[in-house]
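Raw contents of structure_10.cif, mmCIF, C-alpha atoms:
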```
data_start
#
loop_
_atom_site.label_atom_id
_atom_site.label_comp_id
_atom_site.auth_asym_id
_atom_site.auth_seq_id
_atom_site.Cartn_x
_atom_site.Cartn_y
_atom_site.Cartn_z
CA MET P 1 -57.11 -22.84 42.36
CA PHE P 2 -59.01 -23.18 39.12
CA LYS P 3 -57.99 -19.63 38.28
CA LYS P 4 -54.36 -20.57 38.82
CA ILE P 5 -54.65 -23.56 36.50
CA VAL P 6 -56.32 -21.44 33.84
CA LEU P 7 -53.67 -18.75 34.28
CA VAL P 8 -50.82 -21.28 34.01
CA SER P 9 -52.47 -22.84 30.95
CA ILE P 10 -52.83 -19.46 29.26
CA LEU P 11 -49.22 -18.60 30.01
CA ALA P 12 -48.13 -21.98 28.66
CA LEU P 13 -50.07 -21.38 25.42
CA PHE P 14 -48.48 -17.94 25.01
CA GLY P 15 -45.07 -19.48 25.62
CA LEU P 16 -45.69 -22.16 22.99
CA ALA P 17 -47.01 -19.62 20.52
CA ALA P 18 -43.96 -17.42 21.01
CA ALA P 19 -41.65 -20.41 20.49
CA CYS P 20 -43.40 -21.39 17.24
CA GLN P 21 -41.56 -19.05 14.89
CA THR P 22 -41.95 -19.84 11.20
CA THR P 23 -38.92 -20.61 9.03
CA GLY P 24 -38.12 -21.23 5.40
CA ASN P 25 -36.02 -24.25 6.30
CA PRO P 26 -38.12 -27.37 6.88
CA ARG P 27 -35.22 -29.02 8.70
CA LEU P 28 -35.30 -26.33 11.37
CA GLY P 29 -38.97 -25.48 11.71
CA GLY P 30 -40.63 -28.75 10.95
CA LEU P 31 -43.85 -29.18 9.04
CA PHE P 32 -46.05 -26.80 11.06
CA GLN P 33 -43.62 -23.90 11.27
CA TRP P 34 -42.60 -23.86 7.61
CA ASP P 35 -43.38 -20.72 5.57
CA GLU P 36 -43.52 -20.80 1.75
CA ASN P 37 -42.38 -17.16 1.35
CA GLN P 38 -39.40 -17.65 3.62
CA ALA P 39 -38.55 -20.84 1.76
CA GLN P 40 -38.60 -18.98 -1.58
CA GLN P 41 -36.37 -16.24 -0.14
CA ARG P 42 -34.00 -18.89 1.17
CA ILE P 43 -33.87 -20.54 -2.28
CA LYS P 44 -33.20 -17.18 -3.99
CA GLN P 45 -30.43 -16.39 -1.52
CA ARG P 46 -28.81 -19.78 -2.05
CA GLN P 47 -29.05 -19.37 -5.83
CA ALA P 48 -27.47 -15.92 -5.57
CA ASN P 49 -24.67 -17.38 -3.41
CA LEU P 50 -24.14 -20.17 -5.94
CA ALA P 51 -24.00 -17.67 -8.83
CA ALA P 52 -21.45 -15.57 -6.93
CA LEU P 53 -19.33 -18.65 -6.23
CA ARG P 54 -19.47 -19.65 -9.90
CA ARG P 55 -18.37 -16.15 -10.96
CA ALA P 56 -15.51 -16.28 -8.44
CA GLN P 57 -14.55 -19.75 -9.70
CA ALA P 58 -14.54 -18.53 -13.32
CA SER P 59 -12.42 -15.55 -12.31
CA GLU P 60 -9.97 -17.84 -10.52
CA ARG P 61 -9.80 -20.14 -13.56
CA ALA P 62 -8.99 -17.16 -15.77
CA ARG P 63 -6.35 -15.99 -13.28
CA THR P 64 -4.85 -19.49 -13.15
CA GLN P 65 -4.71 -19.62 -16.95
CA GLN P 66 -3.08 -16.19 -17.05
CA LEU P 67 -0.48 -17.25 -14.48
CA GLN P 68 0.24 -20.44 -16.41
CA GLN P 69 0.75 -18.43 -19.61
CA GLN P 70 3.06 -16.03 -17.79
CA HIS P 71 4.98 -18.97 -16.35
CA GLN P 72 5.34 -20.58 -19.78
CA ALA P 73 6.48 -17.30 -21.33
CA LYS P 74 9.04 -16.76 -18.58
CA ALA P 75 10.25 -20.36 -18.88
CA ALA P 76 10.68 -19.84 -22.65
CA ARG P 77 12.64 -16.62 -22.06
CA LEU P 78 14.86 -18.33 -19.50
CA ALA P 79 15.41 -21.24 -21.89
CA ARG P 80 16.53 -18.73 -24.58
CA ILE P 81 18.93 -17.14 -22.10
CA LYS P 82 20.32 -20.56 -21.18
CA ARG P 83 20.66 -21.47 -24.86
CA ASP P 84 22.48 -18.19 -25.57
CA LEU P 85 24.84 -18.79 -22.64
CA ASN P 86 25.54 -22.31 -23.93
CA ARG P 87 26.34 -20.85 -27.35
CA LEU P 88 28.70 -18.35 -25.77
CA ASN P 89 30.49 -21.17 -23.95
CA ALA P 90 30.71 -23.15 -27.21
CA ASP P 91 32.19 -20.12 -28.97
CA ILE P 92 34.73 -19.68 -26.18
CA ARG P 93 35.73 -23.36 -26.42
CA ARG P 94 36.08 -23.09 -30.22
CA ILE P 95 38.29 -19.98 -29.99
CA ARG P 96 40.40 -21.62 -27.25
CA ARG P 97 40.85 -24.69 -29.42
CA ASP P 98 41.89 -22.59 -32.41
CA ILE P 99 44.37 -20.65 -30.30
CA ARG P 100 45.84 -23.80 -28.71
CA VAL P 101 46.40 -25.35 -32.13
CA PHE P 102 48.08 -22.22 -33.41
CA LYS P 103 51.88 -22.32 -33.21
CA ALA P 104 53.17 -18.80 -32.57
CA LYS P 105 56.32 -18.03 -34.53
CA THR P 106 57.18 -14.60 -33.15
CA GLN P 107 57.18 -13.04 -29.72
CA ASP P 108 54.38 -10.70 -30.81
CA GLN P 109 52.23 -13.70 -31.79
CA ARG P 110 53.00 -15.41 -28.48
CA ASP P 111 52.04 -12.24 -26.58
CA ARG P 112 48.78 -11.88 -28.50
CA LYS P 113 48.04 -15.59 -27.97
CA VAL P 114 48.52 -15.18 -24.19
CA GLU P 115 46.37 -12.04 -24.22
CA LEU P 116 43.61 -13.86 -26.10
CA GLU P 117 43.76 -16.82 -23.72
CA GLN P 118 43.49 -14.45 -20.73
CA ARG P 119 40.59 -12.54 -22.24
CA LEU P 120 38.83 -15.82 -23.03
CA ALA P 121 39.33 -16.99 -19.44
CA ASP P 122 37.89 -13.69 -18.17
CA LEU P 123 35.00 -14.00 -20.60
CA LYS P 124 34.27 -17.54 -19.43
CA VAL P 125 34.09 -16.29 -15.82
CA GLN P 126 31.67 -13.57 -16.90
CA VAL P 127 29.44 -16.06 -18.76
CA ASP P 128 29.41 -18.35 -15.72
CA ARG P 129 28.57 -15.39 -13.47
CA VAL P 130 25.56 -14.48 -15.61
CA ARG P 131 24.42 -18.11 -15.58
CA ALA P 132 24.72 -18.42 -11.80
CA ASP P 133 23.31 -15.01 -10.81
CA ASN P 134 19.67 -15.70 -9.95
CA ALA P 135 19.20 -12.18 -8.61
CA MET P 136 20.00 -10.62 -11.99
CA SER P 137 16.89 -9.59 -13.90
CA GLU P 138 16.09 -11.06 -17.31
CA ALA P 139 16.65 -7.68 -18.94
CA ASP P 140 20.05 -7.34 -17.30
CA LYS P 141 20.97 -10.87 -18.40
CA ARG P 142 19.91 -10.10 -21.98
CA ALA P 143 21.99 -6.92 -21.97
CA GLU P 144 25.00 -8.75 -20.52
CA ILE P 145 24.64 -11.57 -23.07
CA LYS P 146 24.54 -8.98 -25.86
CA ARG P 147 27.73 -7.38 -24.53
CA LEU P 148 29.40 -10.79 -24.16
CA LYS P 149 28.45 -11.71 -27.74
CA GLN P 150 30.13 -8.54 -28.98
CA GLU P 151 33.22 -9.34 -26.91
CA ILE P 152 33.34 -12.87 -28.32
CA ALA P 153 32.94 -11.53 -31.85
CA THR P 154 35.92 -9.26 -31.22
CA LEU P 155 37.97 -12.16 -29.83
CA MET P 156 37.00 -14.35 -32.81
CA GLU P 157 38.24 -11.67 -35.14
CA MET P 158 41.47 -11.29 -33.18
CA ALA P 159 41.98 -15.06 -33.17
CA SER P 160 41.31 -15.23 -36.87
CA LEU P 161 43.84 -12.49 -37.58
CA LEU P 162 46.39 -14.18 -35.34
CA THR P 163 46.00 -17.66 -36.81
CA THR P 164 46.00 -16.54 -40.46
CA GLN P 165 49.36 -14.78 -40.21
#
```
Rendering of file as C-alpha coordinates:
Amino acid sequence: MFKKIVLVSILALFGLAAACQTTGNPRLGGLFQWDENQAQQRIKQRQANLAALRRAQASERARTQQLQQQHQAKAARLARIKRDLNRLNADIRRIRRDIRVFKAKTQDQRDRKVELEQRLADLKVQVDRVRADNAMSEADKRAEIKRLKQEIATLMEMASLLTTQ
(Lines of atoms letter the chains of each structure in order from A and count residues from 1; the text may use other names and numbers.)
(Lines give C-alpha, C1' and ligand atoms only; values in the text may rest on other atoms or scores of the structure.)
Protein backbone atom coordinates (compact mmCIF):
# COMPACT_ATOMS: atom_id res chain seq x y z
CA MET A 1 0.00 0.00 0.00
CA PHE A 2 2.83 2.34 0.88
CA LYS A 3 4.40 1.52 -2.46
CA LYS A 4 1.18 2.50 -4.20
CA ILE A 5 1.06 5.84 -2.40
CA VAL A 6 4.69 6.53 -3.26
CA LEU A 7 4.04 5.50 -6.87
CA VAL A 8 0.96 7.74 -7.13
CA SER A 9 2.89 10.62 -5.54
CA ILE A 10 5.76 10.22 -7.99
CA LEU A 11 3.37 10.12 -10.92
CA ALA A 12 1.61 13.21 -9.59
CA LEU A 13 4.94 15.07 -9.33
CA PHE A 14 5.85 14.10 -12.91
CA GLY A 15 2.43 15.26 -14.06
CA LEU A 16 2.85 18.61 -12.31
CA ALA A 17 6.36 19.03 -13.67
CA ALA A 18 5.17 18.32 -17.20
CA ALA A 19 2.34 20.85 -16.81
CA CYS A 20 4.74 23.57 -15.60
CA GLN A 21 5.94 24.81 -18.98
CA THR A 22 7.74 28.15 -18.92
CA THR A 23 6.44 31.11 -20.91
CA GLY A 24 7.50 34.62 -21.77
CA ASN A 25 4.05 35.95 -20.93
CA PRO A 26 3.56 36.49 -17.19
CA ARG A 27 -0.21 36.58 -17.67
CA LEU A 28 -0.18 33.00 -18.94
CA GLY A 29 2.56 31.34 -16.93
CA GLY A 30 2.41 33.18 -13.67
CA LEU A 31 5.37 34.12 -11.55
CA PHE A 32 7.02 30.68 -11.28
CA GLN A 33 6.75 29.69 -14.92
CA TRP A 34 8.01 32.95 -16.40
CA ASP A 35 11.23 32.85 -18.47
CA GLU A 36 13.30 36.00 -19.10
CA ASN A 37 14.61 34.80 -22.51
CA GLN A 38 11.14 33.96 -23.75
CA ALA A 39 9.91 37.32 -22.49
CA GLN A 40 12.67 39.12 -24.44
CA GLN A 41 11.80 37.14 -27.59
CA ARG A 42 8.14 38.02 -27.11
CA ILE A 43 9.03 41.72 -26.75
CA LYS A 44 11.21 41.62 -29.90
CA GLN A 45 8.44 39.91 -31.85
CA ARG A 46 5.88 42.48 -30.72
CA GLN A 47 8.25 45.32 -31.62
CA ALA A 48 8.81 43.79 -35.05
CA ASN A 49 5.02 43.48 -35.52
CA LEU A 50 4.57 47.11 -34.46
CA ALA A 51 7.29 48.27 -36.89
CA ALA A 52 5.64 46.31 -39.72
CA LEU A 53 2.26 47.84 -38.89
CA ARG A 54 3.77 51.33 -38.85
CA ARG A 55 5.38 50.73 -42.26
CA ALA A 56 2.05 49.48 -43.62
CA GLN A 57 0.29 52.50 -42.13
CA ALA A 58 2.82 54.88 -43.72
CA SER A 59 2.38 53.11 -47.05
CA GLU A 60 -1.40 53.42 -46.77
CA ARG A 61 -1.09 57.12 -45.92
CA ALA A 62 1.06 57.66 -49.00
CA ARG A 63 -1.44 55.71 -51.12
CA THR A 64 -4.32 57.76 -49.70
CA GLN A 65 -2.47 60.99 -50.48
CA GLN A 66 -1.76 59.78 -54.01
CA LEU A 67 -5.43 58.87 -54.53
CA GLN A 68 -6.53 62.26 -53.20
CA GLN A 69 -4.15 64.01 -55.61
CA GLN A 70 -5.44 61.92 -58.49
CA HIS A 71 -9.01 62.71 -57.48
CA GLN A 72 -8.27 66.44 -57.31
CA ALA A 73 -6.54 66.37 -60.69
CA LYS A 74 -9.45 64.50 -62.26
CA ALA A 75 -11.96 66.87 -60.65
CA ALA A 76 -10.00 69.83 -62.08
CA ARG A 77 -9.97 68.24 -65.56
CA LEU A 78 -13.71 67.57 -65.37
CA ALA A 79 -14.31 71.15 -64.21
CA ARG A 80 -12.36 72.40 -67.28
CA ILE A 81 -14.47 70.18 -69.53
CA LYS A 82 -17.65 71.51 -67.92
CA ARG A 83 -16.42 75.08 -68.27
CA ASP A 84 -15.58 74.49 -71.95
CA LEU A 85 -19.04 73.01 -72.56
CA ASN A 86 -20.64 76.01 -70.85
CA ARG A 87 -18.62 78.32 -73.13
CA LEU A 88 -19.77 76.37 -76.16
CA ASN A 89 -23.39 76.76 -75.06
CA ALA A 90 -22.84 80.49 -74.51
CA ASP A 91 -21.35 80.81 -77.99
CA ILE A 92 -24.32 78.96 -79.48
CA ARG A 93 -26.75 81.27 -77.65
CA ARG A 94 -24.84 84.35 -78.85
CA ILE A 95 -24.87 83.18 -82.49
CA ARG A 96 -28.58 82.30 -82.25
CA ARG A 97 -29.31 85.75 -80.86
CA ASP A 98 -27.36 87.43 -83.65
CA ILE A 99 -29.16 85.37 -86.28
CA ARG A 100 -32.61 86.02 -84.77
CA VAL A 101 -31.98 89.77 -84.78
CA PHE A 102 -30.83 89.69 -88.38
CA LYS A 103 -33.56 90.58 -90.88
CA ALA A 104 -32.96 88.61 -94.08
CA LYS A 105 -33.66 90.67 -97.20
CA THR A 106 -33.22 88.04 -99.89
CA GLN A 107 -34.23 84.43 -100.27
CA ASP A 108 -30.55 83.42 -100.19
CA GLN A 109 -30.12 85.16 -96.83
CA ARG A 110 -33.26 83.50 -95.49
CA ASP A 111 -31.99 80.09 -96.64
CA ARG A 112 -28.59 80.63 -95.04
CA LYS A 113 -30.27 81.86 -91.85
CA VAL A 114 -32.39 78.67 -91.69
CA GLU A 115 -29.30 76.56 -92.40
CA LEU A 116 -27.37 78.30 -89.62
CA GLU A 117 -30.25 77.86 -87.18
CA GLN A 118 -30.43 74.14 -88.03
CA ARG A 119 -26.69 73.66 -87.67
CA LEU A 120 -26.77 75.50 -84.33
CA ALA A 121 -29.60 73.25 -83.13
CA ASP A 122 -27.60 70.18 -84.18
CA LEU A 123 -24.52 71.58 -82.47
CA LYS A 124 -26.47 72.21 -79.27
CA VAL A 125 -27.61 68.55 -79.27
CA GLN A 126 -24.00 67.44 -79.72
CA VAL A 127 -22.80 69.64 -76.84
CA ASP A 128 -25.55 68.28 -74.60
CA ARG A 129 -24.66 64.71 -75.61
CA VAL A 130 -21.02 65.23 -74.61
CA ARG A 131 -22.13 66.74 -71.30
CA ALA A 132 -24.49 63.85 -70.51
CA ASP A 133 -22.31 60.95 -71.71
CA ASN A 134 -20.65 59.64 -68.55
CA ALA A 135 -19.23 56.64 -70.40
CA MET A 136 -17.19 58.86 -72.73
CA SER A 137 -13.55 59.10 -71.70
CA GLU A 138 -11.96 62.43 -70.82
CA ALA A 139 -9.74 62.23 -73.89
CA ASP A 140 -12.73 61.60 -76.14
CA LYS A 141 -14.59 64.52 -74.53
CA ARG A 142 -11.59 66.81 -75.07
CA ALA A 143 -11.36 65.75 -78.72
CA GLU A 144 -15.11 66.26 -79.22
CA ILE A 145 -14.96 69.68 -77.53
CA LYS A 146 -12.10 70.66 -79.84
CA ARG A 147 -14.14 69.59 -82.87
CA LEU A 148 -17.21 71.43 -81.57
CA LYS A 149 -15.15 74.60 -81.02
CA GLN A 150 -14.01 74.47 -84.63
CA GLU A 151 -17.60 73.97 -85.78
CA ILE A 152 -18.74 76.94 -83.69
CA ALA A 153 -15.93 79.08 -85.08
CA THR A 154 -17.11 78.19 -88.58
CA LEU A 155 -20.72 79.04 -87.68
CA MET A 156 -19.61 82.35 -86.10
CA GLU A 157 -17.84 83.24 -89.30
CA MET A 158 -20.87 82.28 -91.39
CA ALA A 159 -23.16 84.30 -89.12
CA SER A 160 -20.84 87.26 -89.29
CA LEU A 161 -20.77 87.13 -93.09
CA LEU A 162 -24.54 86.81 -93.21
CA THR A 163 -25.29 89.66 -90.82
CA THR A 164 -22.78 92.10 -92.34
CA GLN A 165 -24.29 91.89 -95.83
Matched chain/residue IDs from the PyMOL selection byres ((chain P and resi 155) around 9), as a VMD selection string: chain P and resid 92 95 116 119 to 120 150 to 154 156 to 160
Top pick for closest residue to Asp91 in chain P, considering P:Val127, P:Ala52, P:Ile5, P:Leu162 and counting all atoms listed in the file: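 Looking at the shortest contact to Asp91 in chain P, the residue is P:Val127.
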Proximity to Lys105 in chain P - best of P:Arg142, P:Arg54, P:Thr164, P:Asn89, only C-alpha atoms: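 Of P:Arg142, P:Arg54, P:Thr164, P:Asn89, the one nearest Lys105 in chain P, counting only C-alpha atoms, is P:Thr164.
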Computed interatomic separation between CA of Asn86 in chain P and CA of Arg100 in chain P (Å):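 Rounded to one decimal, the two atoms are 20.9 Å apart.
Note that the spacing between CA of Asp128 in chain P and CA of Lys146 in chain P amounts to 14.6 Å.
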Which of P:Asp35, P:Ala73, P:Thr163, P:Lys82 sits closest to Val101 in chain P [using all atoms listed in the file]: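 Going through P:Asp35, P:Ala73, P:Thr163, P:Lys82 one by one, the smallest distance to Val101 in chain P is for P:Thr163.
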d(CA of Gln126 in chain P, CA of Arg112 in chain P) in Å: 20.7 Å
Adding 8 Å on each side of the box along x, y and z that holds all listed atoms of range 153-159 of chain P, could you give its centre and edge lengths in Å to one decimal, as JSON?
```
{"center_x": 37.5, "center_y": -12.2, "center_z": -32.5, "size_x": 25.0, "size_y": 21.8, "size_z": 21.3}
```
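Distances to Ala143 in chain P were evaluated for P:Arg97, P:Ile10, P:Val130, P:Val114 using only C-alpha atoms, and the minimum falls at P:Val130.
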Nearest to Glu115 in chain P, chosen from P:Ile99, P:Ala139, P:Ala62, P:Ala51, with only C-alpha atoms counted in the distances: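 Among the listed residues, P:Ile99 lies closest to Glu115 in chain P.
Shortest atom-to-atom contact with Ala132 in chain P among P:Thr64, P:Leu85, P:Asn49, P:Ala58: P:Leu85, counting all atoms listed in the file.
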